[in-house]
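File shown here: final.cif, holding mmCIF, C-alpha atoms.
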```cif
data_work
#
loop_
_atom_site.group_PDB
_atom_site.id
_atom_site.type_symbol
_atom_site.label_atom_id
_atom_site.label_comp_id
_atom_site.auth_asym_id
_atom_site.auth_seq_id
_atom_site.Cartn_x
_atom_site.Cartn_y
_atom_site.Cartn_z
ATOM 1 C CA MET A 1 8.275 97.247 19.137
ATOM 2 C CA SER A 2 8.858 100.875 18.204
ATOM 3 C CA ALA A 3 11.619 103.000 19.680
ATOM 4 C CA SER A 4 8.973 105.113 21.423
ATOM 5 C CA ALA A 5 7.638 101.989 23.117
ATOM 6 C CA ASP A 6 11.155 101.280 24.375
ATOM 7 C CA TRP A 7 11.404 104.753 25.876
ATOM 8 C CA ILE A 8 8.027 104.348 27.545
ATOM 9 C CA ASP A 9 9.109 101.002 28.977
ATOM 10 C CA LEU A 10 12.271 102.637 30.303
ATOM 11 C CA LEU A 11 10.205 105.458 31.794
ATOM 12 C CA GLU A 12 7.885 102.989 33.501
ATOM 13 C CA GLY A 13 10.663 100.747 34.794
ATOM 14 C CA GLU A 14 9.374 97.855 32.690
ATOM 15 C CA LEU A 15 12.677 96.708 31.217
ATOM 16 C CA ASP A 16 15.110 94.130 32.492
ATOM 17 C CA SER A 17 18.461 95.455 33.636
ATOM 18 C CA ALA A 18 20.293 94.500 30.409
ATOM 19 C CA ALA A 19 17.796 96.307 28.152
ATOM 20 C CA GLU A 20 17.769 99.251 30.535
ATOM 21 C CA ALA A 21 21.559 99.520 30.437
ATOM 22 C CA GLU A 22 21.503 99.341 26.633
ATOM 23 C CA LEU A 23 19.016 102.204 26.372
ATOM 24 C CA GLU A 24 20.906 104.271 28.911
ATOM 25 C CA VAL A 25 24.011 103.993 26.750
ATOM 26 C CA LEU A 26 21.916 105.171 23.803
ATOM 27 C CA LEU A 27 20.615 108.061 25.872
ATOM 28 C CA ARG A 28 24.155 109.155 26.656
ATOM 29 C CA GLN A 29 25.234 108.927 23.017
ATOM 30 C CA SER A 30 22.284 110.314 21.059
ATOM 31 C CA ILE A 31 20.832 113.809 21.448
ATOM 32 C CA ILE A 32 17.755 112.873 19.410
ATOM 33 C CA ASP A 33 17.009 109.894 21.644
ATOM 34 C CA ARG A 34 17.596 111.992 24.764
ATOM 35 C CA LYS A 35 15.104 114.555 23.511
ATOM 36 C CA GLN A 36 12.561 111.837 22.700
ATOM 37 C CA PHE A 37 12.912 110.385 26.168
ATOM 38 C CA LEU A 38 12.773 113.773 27.903
ATOM 39 C CA LEU A 39 9.665 114.701 25.926
ATOM 40 C CA LEU A 40 7.855 111.561 27.083
ATOM 41 C CA SER A 41 9.111 112.040 30.612
ATOM 42 C CA ARG A 42 7.897 115.658 30.715
ATOM 43 C CA LEU A 43 4.578 114.694 29.152
ATOM 44 C CA ARG A 44 4.069 112.121 31.899
ATOM 45 C CA ASP A 45 4.885 114.727 34.553
ATOM 46 C CA ARG A 46 2.462 117.224 33.012
ATOM 47 C CA ILE A 47 -0.305 114.610 32.881
ATOM 48 C CA ALA A 48 0.274 113.806 36.556
ATOM 49 C CA GLU A 49 -0.150 117.509 37.318
ATOM 50 C CA THR A 50 -3.414 117.791 35.402
ATOM 51 C CA ASP A 51 -5.525 115.660 37.672
ATOM 52 C CA CYS A 52 -8.737 117.579 37.126
ATOM 53 C CA TRP A 53 -10.410 116.132 40.196
ATOM 54 C CA THR A 54 -8.372 118.093 42.725
ATOM 55 C CA VAL A 55 -11.460 119.826 44.134
ATOM 56 C CA ALA A 56 -13.387 116.570 44.452
ATOM 57 C CA LYS A 57 -10.291 114.945 45.938
ATOM 58 C CA THR A 58 -10.120 117.521 48.723
ATOM 59 C CA LYS A 59 -13.705 116.719 49.658
ATOM 60 C CA VAL A 60 -13.186 112.957 49.404
ATOM 61 C CA GLU A 61 -10.038 113.131 51.557
ATOM 62 C CA SER A 62 -12.022 114.535 54.487
ATOM 63 C CA LEU A 63 -12.474 111.987 57.288
ATOM 64 C CA GLU A 64 -16.020 113.200 57.900
ATOM 65 C CA TYR A 65 -16.911 112.633 54.255
ATOM 66 C CA GLN A 66 -15.372 109.166 54.316
ATOM 67 C CA LYS A 67 -17.245 108.221 57.479
ATOM 68 C CA GLN A 68 -20.522 109.388 55.966
ATOM 69 C CA LEU A 69 -19.820 107.455 52.777
ATOM 70 C CA THR A 70 -19.006 104.268 54.720
ATOM 71 C CA ASP A 71 -22.212 104.658 56.754
ATOM 72 C CA LYS A 72 -24.214 105.240 53.563
ATOM 73 C CA ILE A 73 -22.726 102.219 51.802
ATOM 74 C CA MET A 74 -23.089 99.926 54.823
ATOM 75 C CA GLY A 75 -26.662 101.190 55.328
ATOM 76 C CA ALA A 76 -27.461 100.262 51.724
ATOM 77 C CA ILE A 77 -25.782 96.890 52.111
ATOM 78 C CA ARG A 78 -27.717 96.064 55.258
ATOM 79 C CA LYS A 79 -30.951 97.185 53.595
ATOM 80 C CA LYS A 80 -30.568 95.716 50.125
ATOM 81 C CA ALA A 81 -27.989 92.999 50.167
ATOM 82 C CA ARG A 82 -28.860 89.370 50.550
ATOM 83 C CA PRO A 83 -27.276 88.200 53.783
ATOM 84 C CA VAL A 84 -24.233 86.055 53.350
ATOM 85 C CA LYS A 85 -24.928 82.449 54.232
ATOM 86 C CA PRO A 86 -22.491 81.224 56.842
ATOM 87 C CA VAL A 87 -20.249 78.595 55.339
ATOM 88 C CA ARG A 88 -18.110 75.849 56.765
ATOM 89 C CA GLY A 89 -14.521 76.762 56.016
ATOM 90 C CA THR A 90 -13.430 79.054 53.242
ATOM 91 C CA PRO A 91 -12.717 77.954 49.692
ATOM 92 C CA ARG A 92 -9.082 78.313 48.860
ATOM 93 C CA SER A 93 -7.782 79.176 45.444
ATOM 94 C CA MET B 1 -0.493 88.605 65.237
ATOM 95 C CA MET B 2 1.403 88.000 62.042
ATOM 96 C CA ALA B 3 0.426 85.715 59.195
ATOM 97 C CA PHE B 4 2.044 84.260 56.113
ATOM 98 C CA LEU B 5 -0.090 84.616 52.989
ATOM 99 C CA THR B 6 0.397 83.372 49.479
ATOM 100 C CA ASP B 7 0.642 86.115 46.880
ATOM 101 C CA HIS B 8 -1.819 85.880 44.001
ATOM 102 C CA ASP B 9 0.608 85.944 41.134
ATOM 103 C CA GLY B 10 3.534 83.780 41.843
ATOM 104 C CA GLY B 11 3.162 81.763 44.962
ATOM 105 C CA ARG B 12 5.447 84.308 46.581
ATOM 106 C CA VAL B 13 5.008 84.266 50.322
ATOM 107 C CA GLU B 14 4.903 87.529 52.131
ATOM 108 C CA ARG B 15 4.514 88.514 55.727
ATOM 109 C CA ARG B 16 1.603 90.734 56.604
ATOM 110 C CA ASN B 17 -0.122 91.810 59.742
ATOM 111 C CA SER B 18 -3.275 89.724 59.808
ATOM 112 C CA MET B 19 -5.254 92.725 61.025
ATOM 113 C CA ASP B 20 -4.463 94.320 57.684
ATOM 114 C CA SER B 21 -5.350 91.392 55.470
ATOM 115 C CA ASP B 22 -8.424 91.675 53.255
ATOM 116 C CA HIS B 23 -8.489 87.905 53.015
ATOM 117 C CA LEU B 24 -8.916 87.365 56.743
ATOM 118 C CA ILE B 25 -11.669 89.979 56.884
ATOM 119 C CA LEU B 26 -13.347 88.310 53.914
ATOM 120 C CA GLU B 27 -13.369 85.024 55.775
ATOM 121 C CA ARG B 28 -15.307 86.731 58.564
ATOM 122 C CA VAL B 29 -17.733 88.204 56.017
ATOM 123 C CA LYS B 30 -18.164 84.790 54.427
ATOM 124 C CA GLN B 31 -19.006 83.436 57.888
ATOM 125 C CA GLY B 32 -21.901 85.913 57.988
ATOM 126 C CA ASP B 33 -20.293 88.897 59.754
ATOM 127 C CA ILE B 34 -21.750 91.823 57.784
ATOM 128 C CA ASN B 35 -20.080 94.375 60.062
ATOM 129 C CA ALA B 36 -16.648 93.078 59.078
ATOM 130 C CA PHE B 37 -17.413 94.255 55.552
ATOM 131 C CA SER B 38 -17.352 97.875 56.770
ATOM 132 C CA THR B 39 -13.578 97.494 57.226
ATOM 133 C CA ILE B 40 -13.358 96.553 53.542
ATOM 134 C CA VAL B 41 -15.498 99.552 52.615
ATOM 135 C CA GLN B 42 -13.436 101.936 54.735
ATOM 136 C CA ARG B 43 -10.218 100.602 53.277
ATOM 137 C CA HIS B 44 -11.111 100.798 49.596
ATOM 138 C CA GLN B 45 -13.900 103.356 49.170
ATOM 139 C CA LYS B 46 -11.629 106.358 48.630
ATOM 140 C CA ALA B 47 -9.436 104.801 45.939
ATOM 141 C CA MET B 48 -12.498 103.288 44.269
ATOM 142 C CA LEU B 49 -14.212 106.649 44.276
ATOM 143 C CA PHE B 50 -11.246 108.305 42.555
ATOM 144 C CA VAL B 51 -11.115 105.647 39.851
ATOM 145 C CA VAL B 52 -14.875 105.709 39.259
ATOM 146 C CA LEU B 53 -14.871 109.493 39.290
ATOM 147 C CA ARG B 54 -12.524 109.480 36.326
ATOM 148 C CA VAL B 55 -14.838 107.144 34.448
ATOM 149 C CA VAL B 56 -18.148 108.894 35.146
ATOM 150 C CA GLY B 57 -16.959 112.471 35.683
ATOM 151 C CA ASP B 58 -19.388 113.361 38.474
ATOM 152 C CA LEU B 59 -18.877 112.942 42.230
ATOM 153 C CA MET B 60 -22.493 112.184 43.143
ATOM 154 C CA LEU B 61 -22.795 109.649 40.353
ATOM 155 C CA ALA B 62 -19.438 108.168 41.392
ATOM 156 C CA GLU B 63 -20.741 107.759 44.971
ATOM 157 C CA ASP B 64 -23.789 105.876 43.660
ATOM 158 C CA VAL B 65 -21.623 103.662 41.486
ATOM 159 C CA VAL B 66 -19.230 102.887 44.353
ATOM 160 C CA GLN B 67 -22.160 102.051 46.613
ATOM 161 C CA GLU B 68 -23.662 99.764 43.958
ATOM 162 C CA ALA B 69 -20.272 98.146 43.393
ATOM 163 C CA PHE B 70 -19.824 97.397 47.101
ATOM 164 C CA ILE B 71 -23.323 95.886 47.237
ATOM 165 C CA LYS B 72 -22.495 93.682 44.238
ATOM 166 C CA ALA B 73 -19.164 92.703 45.800
ATOM 167 C CA PHE B 74 -20.892 91.795 49.057
ATOM 168 C CA GLN B 75 -23.504 89.735 47.240
ATOM 169 C CA LYS B 76 -20.869 87.972 45.141
ATOM 170 C CA ILE B 77 -18.320 87.572 47.914
ATOM 171 C CA GLU B 78 -18.570 83.771 47.762
ATOM 172 C CA SER B 79 -17.411 83.855 44.140
ATOM 173 C CA PHE B 80 -14.145 85.561 45.073
ATOM 174 C CA GLN B 81 -11.669 82.724 45.142
ATOM 175 C CA GLY B 82 -8.524 84.692 45.854
ATOM 176 C CA ARG B 83 -6.915 84.040 42.488
ATOM 177 C CA SER B 84 -6.539 87.786 41.982
ATOM 178 C CA LYS B 85 -5.971 90.572 44.486
ATOM 179 C CA PHE B 86 -9.195 91.451 46.257
ATOM 180 C CA LYS B 87 -8.614 95.131 45.480
ATOM 181 C CA SER B 88 -8.358 94.379 41.738
ATOM 182 C CA TRP B 89 -11.526 92.267 41.873
ATOM 183 C CA LEU B 90 -13.327 95.077 43.675
ATOM 184 C CA PHE B 91 -12.116 97.728 41.215
ATOM 185 C CA GLN B 92 -13.117 95.547 38.280
ATOM 186 C CA ILE B 93 -16.667 95.402 39.654
ATOM 187 C CA ALA B 94 -16.634 99.174 40.189
ATOM 188 C CA ILE B 95 -15.404 99.960 36.677
ATOM 189 C CA ASN B 96 -17.887 97.588 35.056
ATOM 190 C CA THR B 97 -20.670 99.109 37.144
ATOM 191 C CA ALA B 98 -19.550 102.601 36.080
ATOM 192 C CA LYS B 99 -19.459 101.607 32.414
ATOM 193 C CA ASN B 100 -22.891 99.991 32.641
ATOM 194 C CA ARG B 101 -24.285 103.086 34.322
ATOM 195 C CA LEU B 102 -22.865 105.305 31.580
ATOM 196 C CA ARG B 103 -24.167 102.938 28.912
ATOM 197 C CA SER B 104 -27.643 103.042 30.370
ATOM 198 C CA MET B 105 -27.471 106.838 30.517
ATOM 199 C CA ARG B 106 -26.161 107.205 26.970
ATOM 200 C CA SER B 107 -27.347 104.080 25.210
ATOM 201 C CA ASP B 108 -29.613 106.022 22.922
ATOM 202 C CA VAL B 109 -26.804 108.349 21.948
ATOM 203 C CA VAL B 110 -23.466 106.552 21.577
ATOM 204 C CA ASP B 111 -21.606 103.350 22.347
ATOM 205 C CA ILE B 112 -19.439 104.289 25.310
ATOM 206 C CA ASP B 113 -16.622 102.010 24.129
ATOM 207 C CA LYS B 114 -16.468 103.848 20.843
ATOM 208 C CA VAL B 115 -16.913 107.370 22.097
ATOM 209 C CA SER B 116 -14.231 109.726 20.938
ATOM 210 C CA VAL B 117 -14.739 113.446 21.031
ATOM 211 C CA SER B 118 -12.960 115.371 18.346
ATOM 212 C CA HIS B 119 -11.343 118.630 19.212
ATOM 213 C CA ALA B 120 -9.797 121.274 17.082
ATOM 214 C CA GLU B 121 -6.083 120.826 17.379
ATOM 215 C CA THR B 122 -4.343 123.520 19.285
ATOM 216 C CA GLN B 123 -0.797 123.960 18.184
ATOM 217 C CA GLU B 124 0.449 126.965 20.031
ATOM 218 C CA THR B 125 4.127 126.879 20.586
ATOM 219 C CA ASP B 126 4.378 129.085 23.641
ATOM 220 C CA LEU B 127 1.719 127.949 26.067
ATOM 221 C CA SER B 128 1.307 128.859 29.673
ATOM 222 C CA ARG B 129 1.168 125.962 32.105
ATOM 223 C CA MET B 130 -2.566 126.536 32.698
ATOM 224 C CA ASP B 131 -3.214 126.488 28.959
ATOM 225 C CA LEU B 132 -1.308 123.260 28.607
ATOM 226 C CA HIS B 133 -3.160 121.672 31.531
ATOM 227 C CA ARG B 134 -6.469 122.689 29.988
ATOM 228 C CA ILE B 135 -5.516 121.292 26.589
ATOM 229 C CA LEU B 136 -4.085 118.140 28.137
ATOM 230 C CA ASN B 137 -7.324 117.574 30.058
ATOM 231 C CA THR B 138 -9.314 118.000 26.868
ATOM 232 C CA GLU B 139 -7.097 115.596 24.970
ATOM 233 C CA ILE B 140 -7.131 113.040 27.800
ATOM 234 C CA GLU B 141 -10.927 113.194 27.809
ATOM 235 C CA SER B 142 -10.946 112.571 24.065
ATOM 236 C CA LEU B 143 -8.869 109.371 24.313
ATOM 237 C CA PRO B 144 -10.676 106.075 23.678
ATOM 238 C CA PRO B 145 -12.127 104.910 27.047
ATOM 239 C CA LYS B 146 -9.765 101.957 27.511
ATOM 240 C CA GLN B 147 -6.688 104.077 26.804
ATOM 241 C CA LYS B 148 -7.923 106.810 29.107
ATOM 242 C CA LEU B 149 -8.593 104.310 31.884
ATOM 243 C CA ALA B 150 -5.165 102.654 31.537
ATOM 244 C CA LEU B 151 -3.502 106.081 31.595
ATOM 245 C CA SER B 152 -5.479 107.214 34.657
ATOM 246 C CA LEU B 153 -4.869 104.025 36.625
ATOM 247 C CA ARG B 154 -1.155 104.152 35.877
ATOM 248 C CA ILE B 155 -0.430 107.846 36.363
ATOM 249 C CA TYR B 156 -3.065 109.007 38.857
ATOM 250 C CA ASP B 157 -3.553 105.804 40.841
ATOM 251 C CA ASP B 158 0.014 104.518 40.524
ATOM 252 C CA MET B 159 -1.084 100.967 39.680
ATOM 253 C CA SER B 160 1.247 98.389 38.190
ATOM 254 C CA PHE B 161 0.394 97.069 34.725
ATOM 255 C CA ALA B 162 -0.472 93.734 36.325
ATOM 256 C CA GLU B 163 -3.023 95.476 38.548
ATOM 257 C CA ILE B 164 -4.356 97.490 35.602
ATOM 258 C CA ALA B 165 -4.774 94.264 33.618
ATOM 259 C CA GLU B 166 -6.751 92.743 36.475
ATOM 260 C CA VAL B 167 -8.929 95.806 36.912
ATOM 261 C CA MET B 168 -9.558 96.140 33.168
ATOM 262 C CA ASP B 169 -9.995 92.377 32.821
ATOM 263 C CA CYS B 170 -7.548 92.142 29.946
ATOM 264 C CA PRO B 171 -4.110 90.608 29.315
ATOM 265 C CA TYR B 172 -1.042 92.332 30.749
ATOM 266 C CA ASP B 173 0.237 93.280 27.284
ATOM 267 C CA THR B 174 -3.102 94.817 26.354
ATOM 268 C CA ALA B 175 -3.100 96.965 29.482
ATOM 269 C CA LYS B 176 0.393 98.132 28.658
ATOM 270 C CA ALA B 177 -0.473 98.720 24.996
ATOM 271 C CA ASN B 178 -3.479 100.844 25.976
ATOM 272 C CA TYR B 179 -1.251 102.950 28.202
ATOM 273 C CA ARG B 180 1.423 103.300 25.501
ATOM 274 C CA HIS B 181 -1.091 104.255 22.824
ATOM 275 C CA ALA B 182 -2.576 106.877 25.131
ATOM 276 C CA LEU B 183 0.796 108.429 25.946
ATOM 277 C CA LEU B 184 1.971 108.411 22.324
ATOM 278 C CA LYS B 185 -1.324 109.845 21.113
ATOM 279 C CA LEU B 186 -0.995 112.701 23.589
ATOM 280 C CA ARG B 187 2.623 113.233 22.585
ATOM 281 C CA ASP B 188 1.682 113.335 18.906
ATOM 282 C CA LYS B 189 -1.220 115.730 19.476
ATOM 283 C CA LEU B 190 0.678 118.027 21.784
ATOM 284 C CA GLY B 191 4.146 117.551 20.352
ATOM 285 C CA SER B 192 4.850 121.128 19.458
ATOM 286 C CA SER B 193 3.086 122.447 22.572
ATOM 287 C CA LEU B 194 5.237 120.224 24.716
ATOM 288 C CA ASP B 195 8.420 121.398 23.064
ATOM 289 C CA LEU B 196 10.936 121.277 25.870
ATOM 290 C CA LYS B 197 12.068 124.771 25.072
ATOM 291 C CA GLY B 198 8.653 126.040 26.168
ATOM 292 C CA TRP B 199 9.329 125.083 29.764
ATOM 293 C CA SER B 200 11.754 127.109 31.761
ATOM 294 C CA GLU B 201 12.425 124.319 34.250
ATOM 295 C CA ASP B 202 13.283 122.008 31.382
ATOM 296 C CA ARG B 203 15.927 124.253 29.945
ATOM 297 C CA THR B 204 18.617 122.880 32.194
ATOM 298 C CA LEU B 205 17.732 119.358 31.127
ATOM 299 C CA LEU B 206 17.674 120.409 27.502
ATOM 300 C CA VAL B 207 21.027 122.080 27.771
ATOM 301 C CA GLU B 208 22.361 118.921 29.404
ATOM 302 C CA ALA B 209 20.790 116.866 26.613
ATOM 303 C CA GLU B 210 22.426 119.021 23.972
ATOM 304 C CA ARG B 211 25.899 118.774 25.478
#
```
If you took the structure in this file and wrote it as structure tokens, what would it be?
Amino acid sequence: MSASADWIDLLEGELDSAAEAELEVLLRQSIIDRKQFLLLSRLRDRIAETDCWTVAKTKVESLEYQKQLTDKIMGAIRKKARPVKPVRGTPRS
Amino acid sequence: MMAFLTDHDGGRVERRNSMDSDHLILERVKQGDINAFSTIVQRHQKAMLFVVLRVVGDLMLAEDVVQEAFIKAFQKIESFQGRSKFKSWLFQIAINTAKNRLRSMRSDVVDIDKVSVSHAETQETDLSRMDLHRILNTEIESLPPKQKLALSLRIYDDMSFAEIAEVMDCPYDTAKANYRHALLKLRDKLGSSLDLKGWSEDRTLLVEAER
């Protein structure tokens, strides 16, 4: 696994505590590694900020919109969907 | 009323309010209570819409896809055995429906799984935040579909890699690899634009890093 992959795993909280501690030591000791990590961290932050669906999100967040969507979906289900056959008991996985 | 339910991935037992459990609602649906399914729709439609929106890129089309996905889920409800989280199963149906819809719309043009738009590389060193957001959006759109989806589910929808793997119907390591490739590709393309020195709020961190 590349060093970059390690930094991403650290960023995402995907490492066990021993590996995390090892990388944190490296971060304290190496400027180059710190810069690599900060670059990935900042990139992630910038991506999170670039959600291009903000306008759509505002509309979707509205309770009225959500109610209409539920009604539309349930209307379609009642109209098109094959009714569920009642079953005895429920299969368990 | 409280209930103990078995978690899908490790037999871990957790305590949940039964009123909040998808599984108990599903049992009612399986018994023939169509109205109970509206609780499922209400609970998941918004998150599903956001995910599908990122795949298809159009709100009206996303609404159609989500509706179709819920119909499919309702029709196939008996096949849900509870081995995965219901939400992941539902999202998997939605994403497959979205991909199929895009395929049918573009089948005579490109294979959606191979689509990759090329963009002239922009390597400005002193970009405004809006410029960077615009370029980032363009580059995210140009990622291979699986990488873009893994990135979106992780960063915008805050899903764990286990959930992403379920939704994308792939192994855990593949989900993680898709995310990593996406992030590294964006870093490599925007490396100089993302130079920490270009961001005033990063200067403190950089100074700390250089100490």
Kindly list the centre and edge lengths in Å, rounded to one decimal, for the axis-aligned box that covers all listed atoms of segment 136-144 of chain B plus 3 Å on each of its six sides, as AutoDock Vina command-line options.
```
--center_x -7.5 --center_y 112.1 --center_z 26.9 --size_x 12.9 --size_y 18.1 --size_z 12.4
```
Inset, instruction - For each of B:Leu143, B:Ile71, B:Ala36, B:Met159, take the minimum atom-to-atom distance to chain A, counting only C-alpha atoms, then give the residue where this is smallest. - result: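 Closest residue, counting only C-alpha atoms: B:Ile71.
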Inset, instruction - Provide the atom CA of Cys170 of chain B to atom CA of Thr97 of chain B distance in Å, to one decimal place. - result: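 Atom CA of Thr97 of chain B lies 16.5 Å from atom CA of Cys170 of chain B.
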Residues within 10 Å of Val167 of chain B, please, as an mmCIF file with C-alpha atoms, keeping the file's coordinate frame. Count only C-alpha atoms; anything in the same chain fewer than 3 positions from it doesn't count.
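What ended up in around.cif:
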```cif
data_model
loop_
_atom_site.group_PDB
_atom_site.id
_atom_site.type_symbol
_atom_site.label_atom_id
_atom_site.label_comp_id
_atom_site.auth_asym_id
_atom_site.auth_seq_id
_atom_site.Cartn_x
_atom_site.Cartn_y
_atom_site.Cartn_z
ATOM 1 C CA SER B 84 -6.539 87.786 41.982
ATOM 2 C CA LYS B 85 -5.971 90.572 44.486
ATOM 3 C CA LYS B 87 -8.614 95.131 45.480
ATOM 4 C CA SER B 88 -8.358 94.379 41.738
ATOM 5 C CA TRP B 89 -11.526 92.267 41.873
ATOM 6 C CA LEU B 90 -13.327 95.077 43.675
ATOM 7 C CA PHE B 91 -12.116 97.728 41.215
ATOM 8 C CA GLN B 92 -13.117 95.547 38.280
ATOM 9 C CA ILE B 93 -16.667 95.402 39.654
ATOM 10 C CA ALA B 94 -16.634 99.174 40.189
ATOM 11 C CA ILE B 95 -15.404 99.960 36.677
ATOM 12 C CA ASN B 96 -17.887 97.588 35.056
ATOM 13 C CA LEU B 149 -8.593 104.310 31.884
ATOM 14 C CA ALA B 150 -5.165 102.654 31.537
ATOM 15 C CA LEU B 153 -4.869 104.025 36.625
ATOM 16 C CA MET B 159 -1.084 100.967 39.680
ATOM 17 C CA PHE B 161 0.394 97.069 34.725
ATOM 18 C CA ALA B 162 -0.472 93.734 36.325
ATOM 19 C CA GLU B 163 -3.023 95.476 38.548
ATOM 20 C CA ILE B 164 -4.356 97.490 35.602
ATOM 21 C CA CYS B 170 -7.548 92.142 29.946
ATOM 22 C CA ALA B 175 -3.100 96.965 29.482
#
```
Legend entry - Hits of the PyMOL selection byres ((chain B and resi 37-39) around 9) in this structure, as a PyMOL selection string: (chain A and resi 70-71+73-74) or (chain B and resi 22+25-26+28-29+33-36+40-44+74)
Inset, instruction - Evaluate the PyMOL selection byres ((chain B and resi 98) around 10) on the structure here and hand back the selected residues as a list in words. - result: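 On this input, the PyMOL selection byres ((chain B and resi 98) around 10) captures Val51, Val52, Leu53, Arg54, Val55, Val56, Leu61, Ala62, Asp64, Val65, Val66, Glu68, Ala69, Gln92, Ile93, Ala94, Ile95, Asn96, Thr97, Lys99, Asn100, Arg101, Leu102, Arg103 and Ser104 of chain B.
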Inset, instruction - Please indicate the distance in Å from atom CA of Leu186 of chain B to atom CA of Leu43 of chain A, rounded to one decimal place. - result: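 According to the coordinates, atom CA of Leu186 of chain B and atom CA of Leu43 of chain A are separated by 8.1 Å.
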Legend entry - Top pick for closest residue to chain A, considering B:Arg154, B:Lys176, B:His181, B:Arg83 and counting all atoms listed in the file: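 That would be B:Arg83, the residue with the smallest distance to chain A.
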Inset, instruction - Have a look at B:Ile155, B:Met60, B:Ile135, B:Met105 and name the one nearest to chain A; count all atoms listed in the file. - result: B:Ile155
Legend entry - Residues near Leu183 of chain B, cut-off 9 Å, all atoms listed in the file, skip fewer than 3 positions along chain, as a list of chain:residue names: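 What passes the distance filter is A:Ile8, A:Leu40, A:Leu43, A:Arg44, B:Gln147, B:Leu151, B:Asn178, B:Tyr179, B:Arg180, B:Leu186, B:Arg187, B:Asp188.
Across the chains present, the PyMOL selection byres ((chain A and resi 4) around 9) applied to this file returns A:Met1, A:Ser2, A:Ala3, A:Ala5, A:Asp6, A:Trp7, A:Ile8, A:Asp9, A:Gln36, A:Phe37, A:Leu40, B:Arg180, B:Leu184.
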Inset, instruction - Could you jot down the atom CA of Thr58 of chain A to atom CA of Phe50 of chain B separation for me, Å, one decimal place? - result: 11.1 Å
Inset, instruction - Could you tell me which of A:Leu63, A:Ala48, A:Ala21, A:Leu15 comes closest to chain B if we count only C-alpha atoms? - result: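 Selected residue with least distance to chain B: A:Ala48.
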